[in-house]
Structures are given as structure tokens and as C-alpha cells.
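Raw contents of structure21.cif, mmCIF, C-alpha atoms and all ligand atoms:
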```cif
data_target
#
loop_
_atom_site.label_atom_id
_atom_site.label_comp_id
_atom_site.auth_asym_id
_atom_site.auth_seq_id
_atom_site.Cartn_x
_atom_site.Cartn_y
_atom_site.Cartn_z
CA MET A 1 6.05 62.43 -104.23
CA ARG A 2 4.88 59.15 -102.69
CA MET A 3 6.57 60.15 -99.47
CA GLY A 4 4.61 63.42 -99.49
CA ILE A 5 1.31 61.56 -99.87
CA ALA A 6 2.32 59.07 -97.17
CA LEU A 7 3.11 61.97 -94.80
CA VAL A 8 -0.27 63.58 -95.46
CA LEU A 9 -2.08 60.27 -94.93
CA ALA A 10 -0.11 59.64 -91.73
CA LEU A 11 -1.02 63.09 -90.39
CA LEU A 12 -4.67 62.59 -91.32
CA VAL A 13 -4.66 59.33 -89.33
CA ILE A 14 -2.81 60.88 -86.36
CA ALA A 15 -4.89 64.08 -86.11
CA PRO A 16 -8.16 62.44 -84.97
CA THR A 17 -6.22 60.31 -82.44
CA LEU A 18 -4.70 63.48 -81.02
CA SER A 19 -8.09 65.10 -80.61
CA ILE A 20 -9.41 61.97 -78.85
CA SER A 21 -6.54 61.95 -76.36
CA GLY A 22 -7.10 65.68 -75.87
CA ALA A 23 -10.74 65.07 -75.02
CA GLN A 24 -9.79 62.37 -72.51
CA GLU A 25 -7.41 64.74 -70.73
CA GLY A 26 -10.27 67.21 -70.36
CA THR A 27 -12.45 64.73 -68.47
CA GLU A 28 -9.73 63.65 -66.00
CA ALA A 29 -10.31 64.63 -62.36
CA PRO A 30 -8.34 67.79 -61.41
CA LEU A 31 -5.22 67.43 -59.29
CA GLY A 32 -6.23 66.95 -55.67
CA CYS A 33 -9.58 65.30 -56.42
CA GLN A 34 -8.47 61.68 -56.84
CA LEU A 35 -8.45 60.64 -53.20
CA SER A 36 -7.93 57.31 -51.47
CA PHE A 37 -8.72 58.06 -47.80
CA ASP A 38 -11.17 55.43 -46.54
CA GLY A 39 -13.51 56.76 -43.84
CA ASN A 40 -14.77 53.26 -43.09
CA LEU A 41 -11.29 52.02 -42.20
CA ALA A 42 -10.77 55.09 -40.00
CA ASN A 43 -14.08 54.34 -38.30
CA GLU A 44 -12.96 50.75 -37.67
CA SER A 45 -9.87 52.15 -35.97
CA VAL A 46 -12.08 54.20 -33.62
CA GLY A 47 -13.87 50.96 -32.65
CA PHE A 48 -10.53 49.20 -32.13
CA GLN A 49 -9.09 52.00 -29.99
CA THR A 50 -12.11 52.21 -27.70
CA SER A 51 -12.12 48.39 -27.38
CA LEU A 52 -8.66 48.66 -25.79
CA GLY A 53 -10.21 50.53 -22.86
CA PRO A 54 -9.30 54.01 -21.60
CA ARG A 55 -5.88 55.13 -22.97
CA ILE A 56 -4.89 56.94 -19.80
CA PRO A 57 -1.18 57.92 -19.74
CA GLY A 58 0.98 55.09 -18.42
CA SER A 59 -1.79 52.46 -18.74
CA ALA A 60 -1.52 49.10 -20.51
CA ALA A 61 -4.13 50.25 -23.05
CA SER A 62 -2.03 53.33 -23.81
CA SER A 63 1.01 51.15 -24.46
CA GLU A 64 -1.04 48.67 -26.54
CA LEU A 65 -2.30 51.49 -28.74
CA ARG A 66 1.22 52.78 -29.35
CA GLU A 67 2.35 49.28 -30.35
CA SER A 68 -0.59 49.02 -32.73
CA ILE A 69 0.14 52.41 -34.30
CA LYS A 70 3.78 51.42 -34.81
CA SER A 71 2.81 48.10 -36.39
CA ASN A 72 0.60 50.07 -38.83
CA LEU A 73 3.49 52.30 -39.88
CA THR A 74 6.03 49.95 -41.41
CA GLY A 75 8.64 51.83 -43.44
CA TRP A 76 8.19 54.99 -41.34
CA HIS A 77 10.95 56.39 -39.11
CA ILE A 78 9.55 56.01 -35.61
CA THR A 79 10.71 57.56 -32.36
CA GLU A 80 9.24 58.02 -28.90
CA SER A 81 9.96 60.47 -26.11
CA THR A 82 9.15 59.91 -22.45
CA HIS A 83 8.32 62.73 -20.04
CA HIS A 84 7.54 62.67 -16.33
CA VAL A 85 4.93 65.34 -15.63
CA ASN A 86 2.44 65.80 -12.76
CA GLY A 87 3.12 62.26 -11.51
CA MET A 88 2.36 60.78 -14.94
CA VAL A 89 4.65 59.02 -17.38
CA LEU A 90 3.86 60.45 -20.81
CA THR A 91 5.04 58.93 -24.07
CA ASN A 92 4.86 60.93 -27.29
CA LEU A 93 5.08 58.96 -30.52
CA TYR A 94 6.48 60.39 -33.77
CA ALA A 95 6.43 58.74 -37.20
CA THR A 96 8.22 60.39 -40.12
CA TRP A 97 8.02 59.66 -43.84
CA ASN A 98 10.87 60.89 -46.11
CA LYS A 99 13.14 61.31 -43.08
CA GLY A 100 15.85 63.86 -43.91
CA ALA A 101 13.97 65.55 -46.76
CA GLY A 102 13.12 68.55 -44.54
CA SER A 103 10.28 71.12 -44.97
CA THR A 104 8.23 69.01 -42.58
CA VAL A 105 4.45 68.92 -42.70
CA MET A 106 3.27 67.79 -39.28
CA PHE A 107 -0.11 66.23 -38.49
CA ALA A 108 -0.93 65.77 -34.83
CA ALA A 109 -3.59 64.09 -32.71
CA HIS A 110 -3.74 63.15 -29.04
CA TYR A 111 -3.99 59.43 -28.37
CA ASP A 112 -4.72 59.63 -24.64
CA SER A 113 -8.31 59.59 -23.45
CA ARG A 114 -9.58 61.49 -20.46
CA SER A 115 -9.39 59.69 -17.13
CA ALA A 116 -12.57 61.34 -15.82
CA GLY A 117 -16.03 61.81 -17.33
CA ASP A 118 -16.46 64.92 -15.25
CA LYS A 119 -18.91 66.67 -17.59
CA ASP A 120 -21.36 63.77 -17.47
CA TRP A 121 -24.93 64.46 -16.35
CA ASN A 122 -24.48 61.66 -13.81
CA GLU A 123 -22.28 63.03 -11.03
CA SER A 124 -21.70 59.58 -9.53
CA ARG A 125 -19.73 58.70 -12.68
CA HIS A 126 -17.49 61.78 -12.74
CA ASP A 127 -14.46 59.76 -11.59
CA GLU A 128 -14.84 57.05 -14.24
CA PRO A 129 -12.71 57.29 -17.38
CA ILE A 130 -14.45 57.93 -20.70
CA ASP A 131 -14.22 55.97 -23.96
CA GLY A 132 -12.84 58.97 -25.85
CA ALA A 133 -14.17 57.78 -29.22
CA ASN A 134 -14.29 61.30 -30.62
CA ASP A 135 -12.03 62.97 -28.06
CA GLY A 136 -8.86 60.99 -28.77
CA ALA A 137 -9.59 58.04 -31.05
CA SER A 138 -11.01 60.02 -34.01
CA GLY A 139 -7.88 62.09 -34.62
CA VAL A 140 -5.59 59.07 -34.27
CA ALA A 141 -7.81 57.12 -36.70
CA VAL A 142 -7.53 59.86 -39.34
CA LEU A 143 -3.74 59.97 -39.00
CA ILE A 144 -3.37 56.17 -39.25
CA GLU A 145 -5.60 55.97 -42.33
CA LEU A 146 -3.85 58.93 -43.96
CA ALA A 147 -0.52 57.20 -43.30
CA ARG A 148 -1.52 54.28 -45.56
CA HIS A 149 -1.60 56.61 -48.56
CA ILE A 150 1.36 58.91 -47.92
CA PRO A 151 4.07 56.50 -49.22
CA SER A 152 2.48 56.41 -52.70
CA MET A 153 2.16 60.22 -52.99
CA ASN A 154 5.80 60.75 -54.09
CA LEU A 155 6.16 63.76 -51.80
CA SER A 156 9.50 65.57 -51.78
CA HIS A 157 9.21 66.78 -48.18
CA GLU A 158 9.00 65.14 -44.77
CA VAL A 159 5.66 64.27 -43.22
CA THR A 160 5.59 63.66 -39.47
CA LEU A 161 2.66 62.17 -37.63
CA PHE A 162 2.75 63.26 -34.00
CA PHE A 163 0.70 61.19 -31.56
CA THR A 164 0.63 63.24 -28.37
CA ASP A 165 0.10 61.92 -24.86
CA GLY A 166 -1.34 63.73 -21.84
CA GLU A 167 -3.47 66.22 -23.79
CA ASP A 168 -6.68 65.62 -21.91
CA GLN A 169 -5.84 65.16 -18.20
CA GLY A 170 -6.16 68.73 -16.89
CA ASP A 171 -8.69 70.40 -14.64
CA TYR A 172 -10.88 73.27 -15.77
CA ASN A 173 -9.46 75.87 -13.37
CA SER A 174 -6.14 76.33 -15.14
CA GLN A 175 -4.29 75.68 -18.40
CA ALA A 176 -1.41 74.04 -16.53
CA GLY A 177 -2.65 70.44 -16.62
CA TRP A 178 -3.52 70.24 -20.32
CA ILE A 179 -1.57 69.48 -23.53
CA LEU A 180 1.33 68.10 -21.47
CA GLY A 181 2.86 65.91 -24.19
CA ALA A 182 2.78 68.66 -26.79
CA LYS A 183 4.25 71.12 -24.27
CA ALA A 184 7.12 68.71 -23.52
CA TRP A 185 7.75 68.35 -27.26
CA GLY A 186 7.86 72.12 -27.71
CA GLU A 187 10.19 72.61 -24.76
CA ASN A 188 12.68 70.10 -26.18
CA LEU A 189 12.63 71.52 -29.71
CA THR A 190 15.49 73.76 -30.88
CA GLN A 191 14.54 76.89 -32.83
CA GLU A 192 16.30 75.38 -35.85
CA GLU A 193 14.11 72.29 -35.61
CA ALA A 194 11.03 74.46 -35.21
CA ASP A 195 11.98 76.52 -38.28
CA SER A 196 12.21 73.37 -40.40
CA ILE A 197 8.53 72.63 -39.80
CA GLU A 198 6.38 74.14 -42.56
CA SER A 199 3.03 73.55 -40.94
CA PHE A 200 1.43 71.87 -37.94
CA ILE A 201 -2.13 70.65 -38.36
CA LEU A 202 -3.88 69.24 -35.31
CA VAL A 203 -7.02 67.14 -35.69
CA ASP A 204 -9.09 66.64 -32.54
CA MET A 205 -12.74 65.59 -32.08
CA ILE A 206 -13.37 65.41 -35.82
CA GLY A 207 -15.44 62.22 -35.93
CA ASP A 208 -18.79 63.55 -34.63
CA SER A 209 -21.52 62.18 -36.90
CA ASP A 210 -23.04 65.66 -36.57
CA LEU A 211 -19.85 67.36 -37.73
CA THR A 212 -19.77 71.16 -37.30
CA ILE A 213 -16.41 72.83 -37.69
CA GLY A 214 -15.25 76.40 -37.86
CA LYS A 215 -11.96 78.23 -37.57
CA THR A 216 -10.22 78.31 -34.20
CA TYR A 217 -7.67 80.58 -32.59
CA PRO A 218 -4.84 80.82 -31.89
CA GLY A 219 -4.03 79.70 -35.41
CA ASN A 220 -2.13 80.71 -38.53
CA SER A 221 -4.35 82.73 -40.90
CA SER A 222 -2.63 81.51 -44.08
CA LEU A 223 -3.07 77.93 -43.03
CA TRP A 224 -6.74 78.58 -42.30
CA ASP A 225 -7.13 80.23 -45.72
CA ARG A 226 -5.60 77.16 -47.36
CA THR A 227 -7.93 74.90 -45.35
CA GLU A 228 -11.03 76.89 -46.30
CA GLU A 229 -10.00 76.91 -49.97
CA LYS A 230 -9.51 73.16 -49.78
CA ILE A 231 -12.93 72.58 -48.21
CA LEU A 232 -14.60 74.62 -51.00
CA PHE A 233 -12.44 72.93 -53.66
CA LEU A 234 -13.52 69.43 -52.50
CA ASP A 235 -17.15 70.52 -52.71
CA GLU A 236 -17.26 72.70 -55.82
CA VAL A 237 -14.46 71.32 -58.02
CA CYS A 238 -14.16 67.68 -56.92
CA GLU A 239 -17.90 67.39 -56.11
CA LEU A 240 -17.10 65.16 -53.14
CA GLY A 241 -20.01 66.35 -51.00
CA PRO A 242 -21.25 69.60 -49.51
CA SER A 243 -18.99 71.89 -47.48
CA ASN A 244 -21.82 72.90 -45.14
CA TYR A 245 -20.22 71.08 -42.19
CA PHE A 246 -17.80 74.02 -42.08
CA ASP A 247 -19.04 77.35 -40.74
CA PHE A 248 -16.95 79.97 -42.56
CA GLU A 249 -18.23 82.69 -40.23
CA ARG A 250 -17.38 81.09 -36.88
CA THR A 251 -14.12 81.32 -34.92
CA ASP A 252 -13.74 79.66 -31.50
CA GLY A 253 -10.85 79.95 -29.10
CA ILE A 254 -9.30 76.64 -28.04
CA TYR A 255 -6.30 75.69 -25.94
CA ASP A 256 -5.03 72.51 -27.57
CA ASP A 257 -1.90 70.66 -28.72
CA HIS A 258 -1.25 73.19 -31.52
CA VAL A 259 -0.49 75.99 -29.02
CA PRO A 260 3.18 75.07 -28.30
CA ALA A 261 3.85 74.87 -32.07
CA HIS A 262 2.09 78.21 -32.60
CA GLU A 263 4.16 79.82 -29.85
CA LEU A 264 7.36 78.57 -31.54
CA GLY A 265 6.38 80.44 -34.70
CA ILE A 266 5.32 77.34 -36.61
CA PRO A 267 2.22 77.89 -38.79
CA ALA A 268 -0.29 75.86 -36.77
CA ILE A 269 -4.03 75.26 -36.69
CA ASP A 270 -6.46 73.08 -34.74
CA ILE A 271 -9.21 71.44 -36.79
CA ILE A 272 -11.73 70.58 -34.08
CA ASP A 273 -15.45 70.21 -33.63
CA THR A 274 -16.02 72.10 -30.37
CA ARG A 275 -19.76 71.28 -30.48
CA TYR A 276 -19.96 67.51 -30.07
CA GLY A 277 -23.43 66.10 -30.71
CA GLU A 278 -26.61 67.49 -32.22
CA ASN A 279 -27.28 71.13 -31.29
CA ALA A 280 -24.42 70.99 -28.78
CA SER A 281 -23.09 74.26 -27.36
CA TYR A 282 -19.41 75.23 -27.32
CA LEU A 283 -17.59 72.53 -25.28
CA GLY A 284 -20.95 71.08 -24.26
CA GLY A 285 -22.80 68.10 -25.68
CA HIS A 286 -20.99 64.77 -25.29
CA TRP A 287 -17.64 66.42 -24.51
CA HIS A 288 -15.97 64.70 -21.50
CA THR A 289 -19.06 62.59 -20.83
CA HIS A 290 -19.74 58.87 -20.96
CA ASN A 291 -21.61 59.49 -24.21
CA ASP A 292 -18.32 59.92 -26.07
CA THR A 293 -18.70 56.45 -27.55
CA ALA A 294 -17.90 54.93 -30.96
CA ASP A 295 -21.55 55.04 -32.10
CA LYS A 296 -21.44 58.89 -32.03
CA VAL A 297 -18.62 58.86 -34.58
CA SER A 298 -19.18 58.31 -38.31
CA ALA A 299 -17.08 57.12 -41.22
CA GLU A 300 -18.48 60.01 -43.27
CA SER A 301 -17.18 62.69 -40.88
CA LEU A 302 -13.77 61.03 -40.57
CA GLY A 303 -13.67 60.81 -44.37
CA LYS A 304 -14.34 64.54 -44.80
CA ILE A 305 -11.37 65.46 -42.62
CA GLY A 306 -9.20 62.78 -44.20
CA PHE A 307 -9.94 64.20 -47.66
CA ILE A 308 -8.93 67.72 -46.58
CA LEU A 309 -5.55 66.50 -45.33
CA GLU A 310 -4.92 64.11 -48.24
CA SER A 311 -5.94 66.56 -50.97
CA GLY A 312 -3.86 69.29 -49.30
CA LEU A 313 -0.79 67.06 -49.41
CA LEU A 314 -1.37 66.30 -53.12
CA THR A 315 -1.67 70.00 -54.03
CA GLY A 316 1.05 71.33 -51.71
CA SER A 317 -1.43 73.30 -49.57
CA TRP A 318 0.46 72.56 -46.36
CA SER A 319 3.85 73.63 -47.72
CA ASN A 320 5.45 77.06 -48.23
CA VAL A 321 3.05 78.51 -45.70
CA ARG A 322 5.74 80.63 -44.02
CA VAL A 323 6.85 82.25 -47.30
CA ILE A 324 3.62 84.11 -47.91
CA ASP A 325 2.63 84.60 -44.29
CA ASP A 326 3.43 88.30 -44.25
CA GLY A 327 0.01 89.41 -43.10
CA GLU A 328 -1.22 90.44 -46.55
CA ILE A 329 -2.78 87.06 -47.20
CA GLU A 330 -5.48 87.86 -44.64
CA GLU A 331 -6.90 90.45 -47.05
CA ILE A 332 -7.42 87.91 -49.82
CA ASP A 333 -10.83 86.29 -50.07
CA PHE A 334 -10.77 82.55 -50.78
CA GLU A 335 -13.55 82.70 -53.36
CA PRO A 336 -11.68 84.56 -56.13
CA GLU A 337 -8.82 82.06 -55.71
CA LEU A 338 -11.16 79.17 -56.27
CA VAL A 339 -12.44 80.89 -59.42
CA GLU A 340 -8.82 81.30 -60.52
CA GLU A 341 -8.24 77.58 -60.14
CA ASN A 342 -11.26 76.94 -62.36
CA GLU A 343 -10.00 79.41 -64.93
CA GLU A 344 -6.59 77.73 -64.98
CA LEU A 345 -8.34 74.44 -65.60
CA GLU A 346 -10.30 75.90 -68.51
CA GLU A 347 -7.15 77.56 -69.82
CA SER A 348 -5.30 74.25 -69.93
CA GLN A 349 -8.24 72.74 -71.81
CA ASP A 350 -8.19 75.71 -74.21
CA ASP A 351 -4.47 75.14 -74.75
CA SER A 352 -4.86 71.51 -75.80
CA GLU A 353 -7.75 72.46 -78.12
CA MET A 354 -5.52 75.10 -79.74
CA VAL A 355 -2.70 72.58 -80.37
CA ILE A 356 -5.16 70.20 -82.04
CA GLY A 357 -6.50 73.10 -84.13
CA ILE A 358 -3.01 74.04 -85.37
CA LEU A 359 -2.26 70.40 -86.25
CA LEU A 360 -5.48 70.20 -88.29
CA VAL A 361 -4.61 73.43 -90.17
CA VAL A 362 -1.13 72.02 -90.91
CA CYS A 363 -2.74 68.80 -92.19
CA ILE A 364 -5.12 70.70 -94.48
CA LEU A 365 -2.27 72.90 -95.79
CA LEU A 366 -0.16 69.79 -96.50
CA VAL A 367 -3.07 68.12 -98.37
CA TRP A 368 -3.62 71.27 -100.48
CA GLY A 369 0.12 71.67 -101.03
CA ASN A 370 0.40 68.12 -102.27
CA LEU A 371 -2.62 68.52 -104.58
CA VAL A 372 -1.16 71.72 -106.08
CA TRP A 373 2.19 69.97 -106.48
CA LEU A 374 0.45 66.94 -108.11
CA ILE A 375 -1.37 69.17 -110.65
CA PHE A 376 1.85 71.10 -111.30
CA ALA A 377 3.81 67.82 -111.76
CA ASP A 378 1.07 66.40 -114.06
CA ASN A 379 1.25 69.52 -116.25
CA ARG A 380 4.98 68.94 -116.57
CA GLY A 381 4.34 65.36 -117.63
CA GLU A 382 5.56 63.79 -114.45
CA GLY A 383 3.67 61.59 -111.91
ZN ZN A 401 -10.83 66.28 -24.23
#
```
Take the structure in the file and write it out as C-alpha cells.
Amino acid sequence: MRMGIALVLALLVIAPTLSISGAQEGTEAPLGCQLSFDGNLANESVGFQTSLGPRIPGSAASSELRESIKSNLTGWHITESTHHVNGMVLTNLYATWNKGAGSTVMFAAHYDSRSAGDKDWNESRHDEPIDGANDGASGVAVLIELARHIPSMNLSHEVTLFFTDGEDQGDYNSQAGWILGAKAWGENLTQEEADSIESFILVDMIGDSDLTIGKTYPGNSSLWDRTEEKILFLDEVCELGPSNYFDFERTDGIYDDHVPAHELGIPAIDIIDTRYGENASYLGGHWHTHNDTADKVSAESLGKIGFILESGLLTGSWSNVRVIDDGEIEEIDFEPELVEENEELEESQDDSEMVIGILLVVCILLVWGNLVWLIFADNRGEG
């Protein structure tokens, strides 16, 4: 009898505690919203990189930057590859986390800066190298800052950061002189190696303080869908700022470091702001001019892109892209999927409320049961 009463009292004490812990779970930020990427640190990296001077392939500044990147990536598996192309010595740098785990998610950025400011208004300066704060340093800065947080994510797949050389040294008359480092990488990759890469996400010119991004082609449609979903998710679910920097209607063509990966059948996209500066036209504005300086880049813009990549890693957005890339995905609108995510969230909250409800009913039944038993026992002269 006393044990029965003790059990009821214990349950009555536990039940409110359970409902409190249930309520706390409900207020926790959804998976993929608790983000650590620091746009200010990325912005500091842009300042550091431009302070080295132009990172022209084969230059001392280029080598200094590679050494700095490597020193920032302790614990990562680091390799380099050297390629002699068009009279230049190119060095690609690769850093891998979880080496050997497979299903690689690859993030890429070019670390070279253009040797000629040949789109500058001032023709007498067309031969001078540019700072490349946005065109070069911004992508590298995002990758380095992202790398600080990857070790604590407990990911079960490989992540490779690919710092490409010789992206930006071509002339405008042909495609031949561009993306040389990425091309050399693609040419030396076996099909088996290519097939082990789940996704390839290039970030280029993403630091513009007047950030305006849209989709680009060539590019994998599933990967773009995931990216658009993520951008809306960060805005509407995480409430981490408006998504209006992304134009969901616009698609620009761009020949960039993602092309060799795309041609190898790897799901690849290029996240790039092709309109650098306020009201800039496509590949106009500060692009390849002496105005591509650190003051045109902002921590806020770098942070937006960093959040997309970081949140995507936390929610698995960049994995299993090949599995569902059968063409049908293109028919699916991203908005209903976002609604689904919200519904799932509400469902999980409903579930915990239901468990608490059942526990309370059990408690009440036990109290009543004990009372009935007490009365019954009293009538029999017990108790
Ligand atoms: Zn460029």
C-alpha cells in the first residue's frame, strides 16, 4: 500500500518536470540553425590576403598564402599538386578532413589573383595586377573560416577544401587560358575518384558588400535546389536575415573552376556574384579593375555564404546529391519542401506533447486506483 502511494507521489513529482523539459525542447533552434561561421574573421582574412600583394601564380605572395592556409589547417590531410601550363608554375592545394571516409563534399575557391587590371577605366593601368579582394581572397576567406568549424561537426564523410591556382589569368578571346588549376586537377582525376565526390561547390566573388547572387550554369539542378532551400531556410526558419540577396529568378552562364568537375559528372555549382558593386552589370562593375579592394568586401556578405555552406553540412544538404539526381527533382518547387520541414518540426513538438499527456493520464488513473483501493481496504478493516 505505502509503495503504491509512494509511486503515485513520485509520478506526480516527475510529471511536471517532464512537461518542463518538453517545453525546453520546443524552443531549441532547429537543426542547421545553430551556426558558428564568423564573417568578421573571414573579412580579416581578406585584408590579410590582399596585404600579401598580388597572388599571381609562381609569385612569393602566392607561396606565402599557401603556407598561411596550411598553417591554419592543422589536423587536416594536406597535399599539393604542381602543373606547368602556359609558361606558369601552378600549385593547387587540397586539404581533407576525415581522410578515407569517402563520399567527399568538396568546397573550392581560387587563391590566385589576376595579374592585369584590364577592365579598369584607366587604360594606363591595364598591365598592373589587381588586389583581388573579392575576386580571389573572398572565396579563400570563406573556406578558411569554414574549416575552423568542420572538425567539431562530427561528420561521417570526407570534406575537401580545394584551393585552385591559375583560375584568373586568361584573356577574353578564348576559354583556353582560364581555370587552369581546376582543369589540371580534372585531367589527373580517375573516374573512380570523380565518382567518390558527392558534390563540388565553388565560391567565387562572394564578398561584395552589395551582394547579389543568382543561379549559374552549367550547374547541377539538385544542388541548386538544395542551395535555394537552404537560403530560404536560413531566412524563414532560422531567422538569420533576409534572403533578398539571392535572385531566385536569375540564371547566368559562367565559365569557372566548377566546369571540369561538372564535365566529370560530379554534381557541381558555382556560387558567384557576377555583378560586383552597386548596380553593376553582368561581369561589369569592379570586376578585374583596381577597385577590387578589401573595402568593397563586407563581413556580412561573407557571413551569408559561410552560413549556407555550414548549415548545409550540418543538415546533409551537400550529400547524397547523385542518388536523387534523376531529373525529376527539377519539377519540385522548393517552397512546399520548406513547408514540409516546418510541419515536421510541429509534428515533433506534437509528439512530445502527446507523451506528456499520456503520462498525466496514467498518473491520474494511478491516483484514482489507489484511492479506490484505499476505500476498499478501509471497508475490509485494513489500512
Ligand atoms: Zn576574375
The residue from A:Glu228, A:Asp168, A:Glu123, A:Glu193 with the smallest atom-to-atom distance to ligand ZN 401 (chain A), counting only C-alpha atoms and all ligand atoms, is A:Asp168
Is it possible to get the residues within 10 Å of (7.4, 61.6, -38.4) (coordinates as in the file, counting all atoms listed in the file) written as a PyMOL selection string? chain A and resi 76-79+93-99+104-108+158-163
Could you put an axis-aligned box around every listed atom of stretch 191-209 of chain A, padded by 5 Å on each side, and send me its centre and edge lengths in Å to one decimal, as lines of an AutoDock Vina configuration file?
```
center_x = -2.6
center_y = 69.5
center_z = -37.3
size_x = 47.8
size_y = 24.7
size_z = 20.5
```
As a quick test: using all atoms listed in the file, which residues lie no more than 8 Å away from ligand ZN 401 (chain A)? Give them as a PDB file with C-alpha atoms, in the frame of the given file.
```pdb
ATOM      1  CA  SER A 113      -8.310  59.590 -23.450  1.00  0.00           C
ATOM      2  CA  ARG A 114      -9.580  61.490 -20.460  1.00  0.00           C
ATOM      3  CA  GLY A 132     -12.840  58.970 -25.850  1.00  0.00           C
ATOM      4  CA  ASP A 135     -12.030  62.970 -28.060  1.00  0.00           C
ATOM      5  CA  GLY A 136      -8.860  60.990 -28.770  1.00  0.00           C
ATOM      6  CA  GLU A 167      -3.470  66.220 -23.790  1.00  0.00           C
ATOM      7  CA  ASP A 168      -6.680  65.620 -21.910  1.00  0.00           C
ATOM      8  CA  GLN A 169      -5.840  65.160 -18.200  1.00  0.00           C
ATOM      9  CA  TRP A 287     -17.640  66.420 -24.510  1.00  0.00           C
ATOM     10  CA  HIS A 288     -15.970  64.700 -21.500  1.00  0.00           C
TER      11      HIS A 288
END
```
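The spacing separating atom CA of A:Ser59 from atom CA of A:Thr293 amounts to 19.5 Å.
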Please compute the atom CA of A:Arg226-atom CA of A:Val46 distance, one decimal, in Å.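 Taking atom CA of A:Arg226 as the start and atom CA of A:Val46 as the end point, the length is 27.5 Å.
For the set A:Ala294, A:Ile266, A:Ile231, A:Ala147, the residue with the smallest atom-to-atom gap to A:Gly32 is A:Ile231, counting all atoms listed in the file.
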Contacts of A:Lys230 within 10 Å, only C-alpha atoms, excl. fewer than 5 positions in-chain, as a PyMOL selection string: chain A and resi 32+224-225+235-237+243+307-309+311-312+315+317+334+338
So that I can check the surroundings of stretch 245-258 of chain A, please list as a JSON list (two decimals) with C-alpha atoms, in the coordinates of the input every protein, DNA and RNA residue that reaches within 10 Å of it, counting all atoms listed in the file and ignoring chain neighbours fewer than 5 positions away.
```
[["chain", "number", "residue", "atom", "x", "y", "z"],
["A", 107, "PHE", "CA", -0.11, 66.23, -38.49],
["A", 108, "ALA", "CA", -0.93, 65.77, -34.83],
["A", 109, "ALA", "CA", -3.59, 64.09, -32.71],
["A", 110, "HIS", "CA", -3.74, 63.15, -29.04],
["A", 164, "THR", "CA", 0.63, 63.24, -28.37],
["A", 165, "ASP", "CA", 0.10, 61.92, -24.86],
["A", 166, "GLY", "CA", -1.34, 63.73, -21.84],
["A", 167, "GLU", "CA", -3.47, 66.22, -23.79],
["A", 168, "ASP", "CA", -6.68, 65.62, -21.91],
["A", 175, "GLN", "CA", -4.29, 75.68, -18.40],
["A", 178, "TRP", "CA", -3.52, 70.24, -20.32],
["A", 179, "ILE", "CA", -1.57, 69.48, -23.53],
["A", 180, "LEU", "CA", 1.33, 68.10, -21.47],
["A", 181, "GLY", "CA", 2.86, 65.91, -24.19],
["A", 182, "ALA", "CA", 2.78, 68.66, -26.79],
["A", 183, "LYS", "CA", 4.25, 71.12, -24.27],
["A", 186, "GLY", "CA", 7.86, 72.12, -27.71],
["A", 200, "PHE", "CA", 1.43, 71.87, -37.94],
["A", 201, "ILE", "CA", -2.13, 70.65, -38.36],
["A", 202, "LEU", "CA", -3.88, 69.24, -35.31],
["A", 203, "VAL", "CA", -7.02, 67.14, -35.69],
["A", 204, "ASP", "CA", -9.09, 66.64, -32.54],
["A", 210, "ASP", "CA", -23.04, 65.66, -36.57],
["A", 211, "LEU", "CA", -19.85, 67.36, -37.73],
["A", 212, "THR", "CA", -19.77, 71.16, -37.30],
["A", 213, "ILE", "CA", -16.41, 72.83, -37.69],
["A", 214, "GLY", "CA", -15.25, 76.40, -37.86],
["A", 215, "LYS", "CA", -11.96, 78.23, -37.57],
["A", 216, "THR", "CA", -10.22, 78.31, -34.20],
["A", 217, "TYR", "CA", -7.67, 80.58, -32.59],
["A", 218, "PRO", "CA", -4.84, 80.82, -31.89],
["A", 219, "GLY", "CA", -4.03, 79.70, -35.41],
["A", 228, "GLU", "CA", -11.03, 76.89, -46.30],
["A", 231, "ILE", "CA", -12.93, 72.58, -48.21],
["A", 232, "LEU", "CA", -14.60, 74.62, -51.00],
["A", 263, "GLU", "CA", 4.16, 79.82, -29.85],
["A", 266, "ILE", "CA", 5.32, 77.34, -36.61],
["A", 267, "PRO", "CA", 2.22, 77.89, -38.79],
["A", 268, "ALA", "CA", -0.29, 75.86, -36.77],
["A", 269, "ILE", "CA", -4.03, 75.26, -36.69],
["A", 270, "ASP", "CA", -6.46, 73.08, -34.74],
["A", 271, "ILE", "CA", -9.21, 71.44, -36.79],
["A", 272, "ILE", "CA", -11.73, 70.58, -34.08],
["A", 273, "ASP", "CA", -15.45, 70.21, -33.63],
["A", 274, "THR", "CA", -16.02, 72.10, -30.37],
["A", 282, "TYR", "CA", -19.41, 75.23, -27.32],
["A", 283, "LEU", "CA", -17.59, 72.53, -25.28],
["A", 301, "SER", "CA", -17.18, 62.69, -40.88],
["A", 304, "LYS", "CA", -14.34, 64.54, -44.80]]
```
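Separating atom CA of A:Lys119 from atom CA of A:Pro57 is a distance of 19.9 Å.
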Need the neighbours of (1.4, 68.2, -14.8): which residues are at most 6 Å away, counting only C-alpha atoms, as a PDB file with C-alpha atoms, in the frame of the given file?
```pdb
ATOM      1  CA  VAL A  85       4.930  65.340 -15.630  1.00  0.00           C
ATOM      2  CA  ASN A  86       2.440  65.800 -12.760  1.00  0.00           C
ATOM      3  CA  GLY A 177      -2.650  70.440 -16.620  1.00  0.00           C
TER       4      GLY A 177
END
```
Is it possible to add N, CA and C atoms to stretch 130-140 of chain A and hand it back as a compact mmCIF listing (two decimals), in the coordinates of the input?
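Below you can see out-v5.txt, which holds the result:
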```txt
# COMPACT_ATOMS: atom_id res chain seq x y z
N ILE A 130 -13.54 57.97 -19.55
CA ILE A 130 -14.45 57.93 -20.70
C ILE A 130 -13.84 57.10 -21.84
N ASP A 131 -14.69 56.73 -22.80
CA ASP A 131 -14.22 55.97 -23.96
C ASP A 131 -13.32 56.82 -24.87
N GLY A 132 -13.64 58.09 -24.99
CA GLY A 132 -12.84 58.97 -25.85
C GLY A 132 -12.87 58.56 -27.32
N ALA A 133 -14.05 58.19 -27.81
CA ALA A 133 -14.17 57.78 -29.22
C ALA A 133 -13.90 58.95 -30.15
N ASN A 134 -14.52 60.09 -29.82
CA ASN A 134 -14.29 61.30 -30.62
C ASN A 134 -13.11 62.07 -30.05
N ASP A 135 -13.08 62.20 -28.73
CA ASP A 135 -12.03 62.97 -28.06
C ASP A 135 -10.81 62.08 -27.81
N GLY A 136 -10.04 61.86 -28.86
CA GLY A 136 -8.86 60.99 -28.77
C GLY A 136 -8.79 60.07 -29.98
N ALA A 137 -9.69 59.07 -30.01
CA ALA A 137 -9.59 58.04 -31.05
C ALA A 137 -9.81 58.57 -32.48
N SER A 138 -10.69 59.57 -32.64
CA SER A 138 -11.01 60.02 -34.01
C SER A 138 -9.79 60.63 -34.71
N GLY A 139 -9.05 61.46 -34.01
CA GLY A 139 -7.88 62.09 -34.62
C GLY A 139 -6.81 61.07 -34.97
N VAL A 140 -6.58 60.13 -34.04
CA VAL A 140 -5.59 59.07 -34.27
C VAL A 140 -6.01 58.24 -35.50
```
